[in-house]
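final.txt (compact mmCIF, C-alpha atoms and all ligand atoms) appears below.
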# COMPACT_ATOMS: atom_id res chain seq x y z
CA MET O 7 172.86 129.08 102.08
CA LEU O 8 169.61 129.19 103.99
CA HIS O 9 167.65 132.37 103.63
CA LEU O 10 164.44 133.77 104.97
CA GLU O 11 162.76 134.50 101.70
CA THR O 12 159.21 133.75 100.79
CA GLY O 13 158.12 131.68 97.86
CA SER O 14 155.45 129.27 96.78
CA GLY O 15 155.29 125.52 97.23
CA GLY O 16 154.72 124.70 100.89
CA LEU O 17 156.33 125.92 104.05
CA LEU O 18 159.70 127.59 103.46
CA GLU O 19 161.31 125.78 106.41
CA HIS O 20 160.17 122.39 105.07
CA ARG O 21 161.62 123.24 101.67
CA LEU O 22 164.91 124.19 103.33
CA LEU O 23 164.95 120.92 105.23
CA ASN O 24 164.25 118.99 102.02
CA GLU O 25 167.12 120.78 100.32
CA LEU O 26 169.38 119.83 103.22
CA LEU O 27 168.49 116.13 103.15
CA PRO O 28 171.25 115.05 100.72
CA GLU O 29 173.86 116.69 102.96
CA LEU O 30 172.39 115.14 106.10
CA ASP O 31 172.34 111.66 104.55
CA GLY O 32 174.62 109.42 106.60
CA PHE O 33 175.10 112.16 109.19
CA ALA O 34 171.70 112.76 110.78
CA GLU O 35 168.45 110.86 111.06
CA VAL O 36 165.44 112.82 109.87
CA GLN O 37 162.03 111.48 110.83
CA VAL O 38 158.44 112.61 110.57
CA LEU O 39 157.22 112.37 114.16
CA ASP O 40 153.62 113.11 113.31
CA GLU O 41 151.54 115.53 111.32
CA ILE O 42 149.17 118.36 112.15
CA ARG O 43 146.04 118.59 110.03
CA HIS O 44 144.57 121.97 109.24
CA ASP O 45 142.01 122.95 106.62
CA GLY O 46 142.39 119.65 104.78
CA ALA O 47 146.19 119.89 104.57
CA ALA O 48 148.75 117.84 106.52
CA PHE O 49 151.79 119.56 108.05
CA PRO O 50 154.57 117.18 109.13
CA ILE O 51 156.59 117.70 112.30
CA HIS O 52 160.17 116.56 111.74
CA SER O 53 162.82 115.47 114.19
CA LEU O 54 166.53 115.56 113.42
CA SER O 55 169.16 113.70 115.40
CA ALA O 56 172.85 113.04 115.10
CA GLY O 57 175.80 111.83 117.15
CA SER O 58 176.30 109.05 119.67
CA LYS O 59 173.89 106.12 119.78
CA ASP O 60 174.78 105.44 123.42
CA PRO O 61 171.41 105.78 125.26
CA GLN O 62 173.21 107.40 128.21
CA ALA O 63 175.20 109.92 126.18
CA PRO O 64 174.55 113.54 127.15
CA LEU O 65 172.00 115.26 124.97
CA LEU O 66 171.74 118.67 123.35
CA LEU O 67 168.11 119.24 122.51
CA LEU O 68 167.05 122.07 120.19
CA THR O 69 163.53 123.26 119.47
CA GLY O 70 162.28 126.06 117.27
CA GLY O 71 159.18 127.51 115.67
CA VAL O 72 156.90 127.19 118.72
CA HIS O 73 155.54 130.61 117.81
CA GLY O 74 154.70 130.65 114.13
CA LEU O 75 155.91 134.20 113.49
CA GLU O 76 159.34 133.53 114.97
CA ARG O 77 160.96 131.70 112.07
CA ILE O 78 164.60 132.65 112.60
CA GLY O 79 165.09 130.08 115.39
CA SER O 80 164.21 127.24 113.01
CA HIS O 81 166.78 128.59 110.55
CA VAL O 82 169.47 128.76 113.23
CA ILE O 83 168.84 125.06 114.01
CA LEU O 84 168.90 123.99 110.34
CA ALA O 85 172.08 126.02 109.70
CA PHE O 86 173.69 124.36 112.74
CA PHE O 87 172.97 120.88 111.39
CA GLN O 88 174.27 121.94 107.98
CA HIS O 89 177.44 123.28 109.59
CA LEU O 90 178.01 120.08 111.58
CA ALA O 91 177.38 117.86 108.54
CA ARG O 92 179.92 119.84 106.51
CA MET O 93 182.46 119.89 109.35
CA ALA O 94 182.02 116.14 109.80
CA LEU O 95 183.40 115.64 106.27
CA TRP O 96 186.87 116.60 107.46
CA SER O 97 187.06 117.58 111.13
CA GLU O 98 188.43 115.10 113.66
CA SER O 99 187.27 117.22 116.57
CA ILE O 100 183.67 117.31 115.32
CA HIS O 101 183.74 113.52 115.02
CA HIS O 102 185.10 113.30 118.52
CA LEU O 103 182.44 115.68 119.86
CA LEU O 104 179.65 113.76 118.14
CA SER O 105 180.96 110.46 119.46
CA GLN O 106 180.39 111.83 122.97
CA ILE O 107 176.96 113.45 122.69
CA ARG O 108 173.59 113.14 121.01
CA ILE O 109 172.00 116.16 119.32
CA ALA O 110 168.25 116.03 118.73
CA ALA O 111 166.02 118.75 117.34
CA LEU O 112 162.46 119.66 116.48
CA PRO O 113 163.15 122.61 114.19
CA VAL O 114 159.51 123.48 113.39
CA ILE O 115 157.01 122.63 116.11
CA ASN O 116 154.20 124.83 114.90
CA PRO O 117 154.13 124.45 111.10
CA VAL O 118 150.48 125.52 110.82
CA GLY O 119 151.14 128.77 112.70
CA MET O 120 154.15 129.39 110.46
CA SER O 121 152.11 128.71 107.38
CA LEU O 122 149.35 131.07 108.56
CA ARG O 123 151.96 133.64 109.66
CA ARG O 124 150.72 133.86 113.18
CA ARG O 125 152.03 133.21 116.66
CA SER O 126 149.47 130.60 117.71
CA ASN O 127 148.78 127.20 116.22
CA GLY O 128 145.88 126.48 113.87
CA ALA O 129 143.38 126.44 116.74
CA GLY O 130 144.48 129.86 117.97
CA VAL O 131 146.38 128.42 120.97
CA ASP O 132 149.68 129.92 122.11
CA LEU O 133 151.66 126.70 122.63
CA MET O 134 153.91 128.34 125.23
CA ARG O 135 150.83 129.07 127.40
CA ASN O 136 149.29 125.63 126.89
CA ALA O 137 150.79 123.52 129.71
CA PRO O 138 148.89 122.78 132.95
CA VAL O 139 151.10 125.08 135.03
CA GLU O 140 149.49 128.06 136.74
CA SER O 141 151.25 131.36 137.34
CA HIS O 142 151.54 132.44 140.98
CA GLY O 143 150.78 136.04 140.05
CA SER O 144 150.11 138.48 137.23
CA ALA O 145 147.08 136.47 136.17
CA TRP O 146 145.31 139.64 135.13
CA ARG O 147 147.80 140.40 132.41
CA LEU O 148 146.72 139.16 129.01
CA TRP O 149 150.21 138.05 127.96
CA SER O 150 150.45 135.82 131.02
CA GLY O 151 147.98 133.56 129.24
CA GLN O 152 144.24 134.03 128.86
CA THR O 153 141.35 131.60 128.59
CA ILE O 154 138.80 134.05 127.18
CA THR O 155 139.07 133.58 123.44
CA PRO O 156 141.40 132.30 120.71
CA ARG O 157 140.70 135.56 118.85
CA LEU O 158 143.05 137.35 121.25
CA PRO O 159 146.75 136.49 121.58
CA TRP O 160 148.18 134.34 124.39
CA PHE O 161 145.13 132.03 124.43
CA ARG O 162 145.88 129.01 126.61
CA GLY O 163 143.49 126.48 125.05
CA GLN O 164 142.78 123.57 127.38
CA PRO O 165 145.91 122.94 129.45
CA GLU O 166 144.51 119.65 130.80
CA ALA O 167 144.23 118.38 127.23
CA MET O 168 147.21 119.98 125.55
CA GLU O 169 147.39 120.68 121.85
CA LYS O 170 149.02 118.01 119.70
CA GLU O 171 152.10 120.17 119.04
CA SER O 172 152.63 120.77 122.78
CA SER O 173 152.25 117.07 123.59
CA LEU O 174 154.63 116.11 120.79
CA LEU O 175 157.28 118.48 122.13
CA CYS O 176 156.90 117.31 125.74
CA ASP O 177 156.85 113.60 124.82
CA PHE O 178 159.90 114.08 122.58
CA VAL O 179 161.84 115.72 125.42
CA ARG O 180 160.77 113.06 127.96
CA ARG O 181 161.64 110.20 125.62
CA GLU O 182 164.94 111.62 124.38
CA ARG O 183 166.32 112.53 127.78
CA GLN O 184 165.25 109.37 129.58
CA GLY O 185 168.28 107.58 131.04
CA ARG O 186 170.73 110.26 129.90
CA SER O 187 173.55 111.47 132.09
CA PHE O 188 172.75 115.09 131.21
CA THR O 189 170.48 117.15 128.94
CA LEU O 190 170.77 120.76 127.86
CA ALA O 191 167.71 122.03 125.99
CA LEU O 192 167.48 125.26 124.02
CA ASP O 193 164.16 126.57 122.73
CA LEU O 194 164.69 129.34 120.18
CA HIS O 195 162.39 132.38 120.07
CA SER O 196 162.68 135.94 118.81
CA GLY O 197 161.19 139.38 119.08
CA PHE O 198 161.69 140.47 122.66
CA GLY O 199 164.04 143.30 123.58
CA SER O 200 167.20 144.84 122.21
CA LYS O 201 169.55 142.19 123.61
CA ASP O 202 169.83 138.46 123.06
CA SER O 203 168.73 136.73 126.22
CA LEU O 204 169.07 133.27 127.66
CA TRP O 205 166.26 132.60 130.10
CA TYR O 206 166.09 129.76 132.54
CA PRO O 207 162.86 128.62 134.27
CA TYR O 208 160.70 129.25 136.02
CA SER O 209 158.29 131.58 134.31
CA HIS O 210 155.26 130.78 136.49
CA ARG O 211 156.80 131.79 139.82
CA LEU O 212 159.44 134.17 141.15
CA SER O 213 161.30 131.63 143.28
CA PRO O 214 164.22 129.82 141.62
CA PRO O 215 164.28 126.22 140.43
CA ALA O 216 165.98 123.52 142.50
CA ASN O 217 168.83 123.30 139.98
CA LEU O 218 169.82 126.95 140.39
CA ALA O 219 173.42 125.94 141.18
CA GLU O 220 173.68 124.16 137.82
CA TYR O 221 172.31 127.20 135.95
CA SER O 222 174.80 129.37 137.80
CA ALA O 223 177.65 127.13 136.66
CA LEU O 224 176.42 127.29 133.06
CA ALA O 225 176.16 131.09 133.22
CA ARG O 226 179.79 131.18 134.35
CA LEU O 227 180.86 129.32 131.20
CA LEU O 228 179.17 131.93 129.03
CA ASP O 229 180.39 134.88 131.08
CA LYS O 230 183.98 133.72 130.72
CA SER O 231 183.86 133.48 126.94
CA PRO O 232 184.58 136.76 125.15
CA LEU O 233 182.56 135.44 122.20
CA LEU O 234 179.50 134.58 124.28
CA SER O 235 179.25 137.19 127.00
CA ILE O 236 176.78 138.96 124.66
CA TYR O 237 173.84 137.11 126.22
CA ASP O 238 171.80 138.29 129.16
CA PHE O 239 171.51 135.11 131.22
CA GLU O 240 168.52 135.53 133.53
CA PRO O 241 165.47 133.91 135.07
CA GLN O 242 162.53 134.38 132.74
CA THR O 243 160.45 135.98 135.48
CA ARG O 244 162.71 139.03 135.34
CA HIS O 245 160.71 139.94 132.23
CA TYR O 246 157.29 138.46 132.75
CA GLN O 247 155.41 135.82 134.64
CA ILE O 248 153.18 133.47 132.65
CA SER O 249 151.03 130.39 132.96
CA GLY O 250 151.34 127.34 130.77
CA ASP O 251 155.06 127.30 129.90
CA LEU O 252 155.95 123.86 128.52
CA TRP O 253 159.49 124.04 129.93
CA ASP O 254 158.15 124.83 133.38
CA LEU O 255 156.07 121.66 133.13
CA LEU O 256 159.06 119.56 132.05
CA LEU O 257 161.38 120.96 134.72
CA LEU O 258 158.71 120.53 137.43
CA GLU O 259 158.45 116.88 136.35
CA ALA O 260 162.22 116.52 136.61
CA GLU O 261 162.15 118.08 140.10
CA ALA O 262 159.39 115.68 141.14
CA SER O 263 161.51 112.71 140.08
CA GLY O 264 164.66 114.20 141.63
CA ASP O 265 166.77 114.39 138.48
CA GLU O 266 166.63 118.14 137.82
CA GLN O 267 170.39 118.46 138.24
CA ARG O 268 170.70 116.55 134.96
CA PHE O 269 168.22 118.67 133.00
CA LEU O 270 168.80 122.32 132.12
CA PRO O 271 166.22 123.78 129.74
CA LEU O 272 166.85 127.29 128.39
CA THR O 273 164.99 129.70 126.16
CA LEU O 274 166.98 131.79 123.70
CA GLU O 275 165.11 135.00 123.03
CA LEU O 276 166.68 136.84 120.10
CA GLY O 277 166.26 140.56 120.62
CA SER O 278 164.87 142.03 117.42
CA TRP O 279 164.54 145.68 118.43
CA LEU O 280 168.06 146.32 117.22
CA TRP O 281 167.28 144.95 113.75
CA LEU O 282 164.12 147.05 113.68
CA ARG O 283 165.92 150.21 114.65
CA LYS O 284 168.32 149.77 111.75
CA HIS O 285 165.57 148.82 109.29
CA PRO O 286 162.37 150.45 110.58
CA SER O 287 160.43 149.53 107.44
CA SER O 288 160.59 145.87 108.57
CA ILE O 289 157.82 146.66 111.00
CA LEU O 290 155.43 146.92 108.07
CA SER O 291 155.80 143.18 107.50
CA SER O 292 153.97 140.83 109.90
CA GLU O 293 157.21 138.88 110.34
CA GLY O 294 159.55 141.87 110.45
CA PRO O 295 159.38 142.37 114.22
CA PHE O 296 160.48 138.75 114.77
CA ASN O 297 162.95 137.98 112.00
CA PRO O 298 165.88 139.73 110.32
CA LEU O 299 164.62 140.43 106.81
CA ILE O 300 167.84 141.94 105.45
CA ARG O 301 170.11 139.21 104.09
CA HIS O 302 173.42 140.27 105.64
CA ARG O 303 171.78 140.62 109.05
CA TYR O 304 170.10 137.24 108.66
CA GLU O 305 173.47 135.63 107.89
CA ARG O 306 175.07 137.39 110.84
CA ILE O 307 172.37 136.00 113.15
CA LEU O 308 172.99 132.45 111.94
CA ARG O 309 176.73 132.83 112.57
CA ARG O 310 176.35 134.57 115.91
CA HIS O 311 174.12 131.94 117.47
CA GLY O 312 175.87 129.03 115.80
CA VAL O 313 178.77 129.85 118.14
CA LEU O 314 176.40 129.50 121.10
CA LEU O 315 175.12 126.12 119.90
CA LEU O 316 178.68 124.85 119.50
CA LEU O 317 179.49 125.93 123.05
CA LEU O 318 176.37 124.19 124.37
CA ALA O 319 177.37 121.02 122.51
CA GLU O 320 180.81 121.20 124.15
CA ALA O 321 179.15 121.88 127.51
CA CYS O 322 177.10 118.71 127.11
CA ALA O 323 180.16 116.63 126.25
CA SER O 324 182.14 118.04 129.17
CA HIS O 325 179.35 118.44 131.71
CA ARG O 326 181.29 116.57 134.39
CA ARG O 327 184.05 119.18 134.22
CA TRP O 328 181.89 122.21 134.98
CA LEU O 329 178.77 121.07 136.84
CA PRO O 330 179.22 121.76 140.56
CA ALA O 331 180.10 118.86 142.80
CA GLU O 332 177.67 118.21 145.66
CA GLY O 333 179.91 120.09 148.10
CA GLN O 334 180.06 123.16 145.82
CA ARG O 335 176.35 123.54 145.16
CA ALA O 336 175.65 125.83 148.11
CA THR O 337 178.35 128.28 146.94
CA TYR O 338 176.97 128.35 143.40
CA GLN O 339 173.45 128.78 144.73
CA SER O 340 174.27 131.74 146.91
CA GLU O 341 176.21 133.33 144.04
CA ALA O 342 173.13 132.90 141.85
CA ARG O 343 170.77 134.26 144.49
CA ASN O 344 172.89 137.38 144.85
CA ARG O 345 173.12 137.82 141.11
CA TRP O 346 169.51 137.27 140.13
CA TYR O 347 167.32 137.52 143.20
CA GLY O 348 168.91 140.19 145.37
CA PRO O 349 170.62 139.62 148.74
ZN ZN O 401 158.24 133.08 121.13

Can you give me the file's structure in the form of structure tokens?
Amino acid sequence: MLHLETGSGGLLEHRLLNELLPELDGFAEVQVLDEIRHDGAAFPIHSLSAGSKDPQAPLLLLTGGVHGLERIGSHVILAFFQHLARMALWSESIHHLLSQIRIAALPVINPVGMSLRRRSNGAGVDLMRNAPVESHGSAWRLWSGQTITPRLPWFRGQPEAMEKESSLLCDFVRRERQGRSFTLALDLHSGFGSKDSLWYPYSHRLSPPANLAEYSALARLLDKSPLLSIYDFEPQTRHYQISGDLWDLLLLEAEASGDEQRFLPLTLELGSWLWLRKHPSSILSSEGPFNPLIRHRYERILRRHGVLLLLLAEACASHRRWLPAEGQRATYQSEARNRWYGP
């Protein structure tokens, strides 16, 4: 069982991945995409992938650990691969699912930040403020991304020359989704609010993305499931507007090439205020506000969001059954506008 406990001997998440390797053998491909050097040490960035080798197969793409303090998302991804590998030993339906889709993941994008126990990467850059996308408002707010100093949080670095971790993530997404019939991406974060939220782009502007109808259809799937109606499905700008969001960049690129209806990136923001209320002493730890430190709660989080990942995998496999047909898009769009943007 994975667990968020500290120890010596390298990054915990890398040790967990190493321990998983025997189980993943023959089920998933694990590669070192590149490494990040910091203070004389090398930190690998791993990719995991499993499922269909058909280059057009729909893709579920999972990313975690963009913010180094938010470790729980990486654990949810590793637990999901462990679950699938164990299910694949006996389950026909898992084999069938994986014959229809590809699942690819970058479980730890910011290993240096994780190792240093801080949000930013080794250079002090907040990777989720690092893309060359400018907010249409709120520029005066520090958390929207600042270019003053890496000593303060939310430092954007140089968006025109993105950090290596940001470029690796974006290139991975571009490469993996190229030629695919459909891609659902989920970037796992934690720490904001008392509810678990699913945010869709954009975060740099208030107006909706061109694939609003598709997001509306996906929200319907979740709303209709009694197991998954726990999530607040919303545009990210309901909470804050920022510059430099990597997913905004990738979705803008998809819009520019006219294939945004086949690309739905989401951010899962695990609300930690509930965990903190039940265990207020967690706030004394630097990681407490972002991760469940009590074992039974940690295990509950892995189970809870594993259900979401399974639904998203099914949604990829069956995307033709729920995505709106061309003639239905206007209806879905107006439903979404009423729900999220007012009449
Ligand atoms: Zn985050």

Spatial neighbours of O:Val179, max dist 9 Å, only C-alpha atoms, sep filter under 4 positions, as a PyMOL selection string
chain O and resi 67+174-175+183-184+191+256

Let me have all residues with an atom within 8 Å of ligand ZN 401 (chain O), counting all atoms listed in the file, laid out as a ChimeraX atom specification.
/O:71-73,76,125,134,194-197,275

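Minimum atom-to-atom distance to O:Ala34, evaluated using all atoms listed in the file, belongs to O:Ser58 out of O:Thr337, O:Ser58, O:Ser249, O:Gln242.
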
Atom CA of O:Asp132 and atom CA of O:Ser150, how far apart in Å?
10.7 Å

Using only C-alpha atoms, the best pick from O:Ala63, O:Ala56, O:Ala219, O:Leu228 as closest to O:Ile100 would be O:Ala56

Mind giving me the axis-aligned box for stretch 260-273 of chain O with 8 Å on every side, centre plus edges in Å to one decimal, as lines of an AutoDock Vina configuration file?
center_x = 165.0
center_y = 121.2
center_z = 133.9
size_x = 27.3
size_y = 33.0
size_z = 31.5

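For O:Ala85, the non-local neighbours within 9 Å, defined as residues at least 2 positions apart in the same chain or in other chains and counting all atoms listed in the file, are Met7, Leu8, Ser80, His81, Val82, Ile83, Phe87, Gln88, His89, Leu90, Leu308, Arg309 and Gly312 of chain O.
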
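When all atoms listed in the file are used to measure the gap to O:Leu274, the shortest distance among O:Trp96, O:Tyr304, O:Phe296, O:Trp205 belongs to O:Trp205.
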
Residues near O:Thr155, cut-off 12 Å, only C-alpha atoms, skip fewer than 6 positions along chain, as a CSV table (one decimal) with C-alpha atoms, in the coordinates of the input:
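Once everything was written out, this is out.csv:
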chain,number,residue,atom,x,y,z
O,129,ALA,CA,143.4,126.4,116.7
O,130,GLY,CA,144.5,129.9,118.0
O,131,VAL,CA,146.4,128.4,121.0
O,132,ASP,CA,149.7,129.9,122.1
O,148,LEU,CA,146.7,139.2,129.0
O,161,PHE,CA,145.1,132.0,124.4
O,162,ARG,CA,145.9,129.0,126.6
O,163,GLY,CA,143.5,126.5,125.0
O,164,GLN,CA,142.8,123.6,127.4

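Each of O:Trp346, O:Arg43, O:Val114, O:Leu192 was checked against O:Leu314 using all atoms listed in the file; the smallest atom-to-atom distance is that of O:Leu192.
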
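Proximity to O:Ala323 was assessed for O:Ser187, O:Ser200, O:Asn116, O:Ser141 counting all atoms listed in the file; the smallest distance is recorded for O:Ser187.
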
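Comparing O:Ala342, O:Leu158, O:Leu23, O:Leu276 by their smallest distance to O:Glu240, the closest is O:Ala342 (using only C-alpha atoms).
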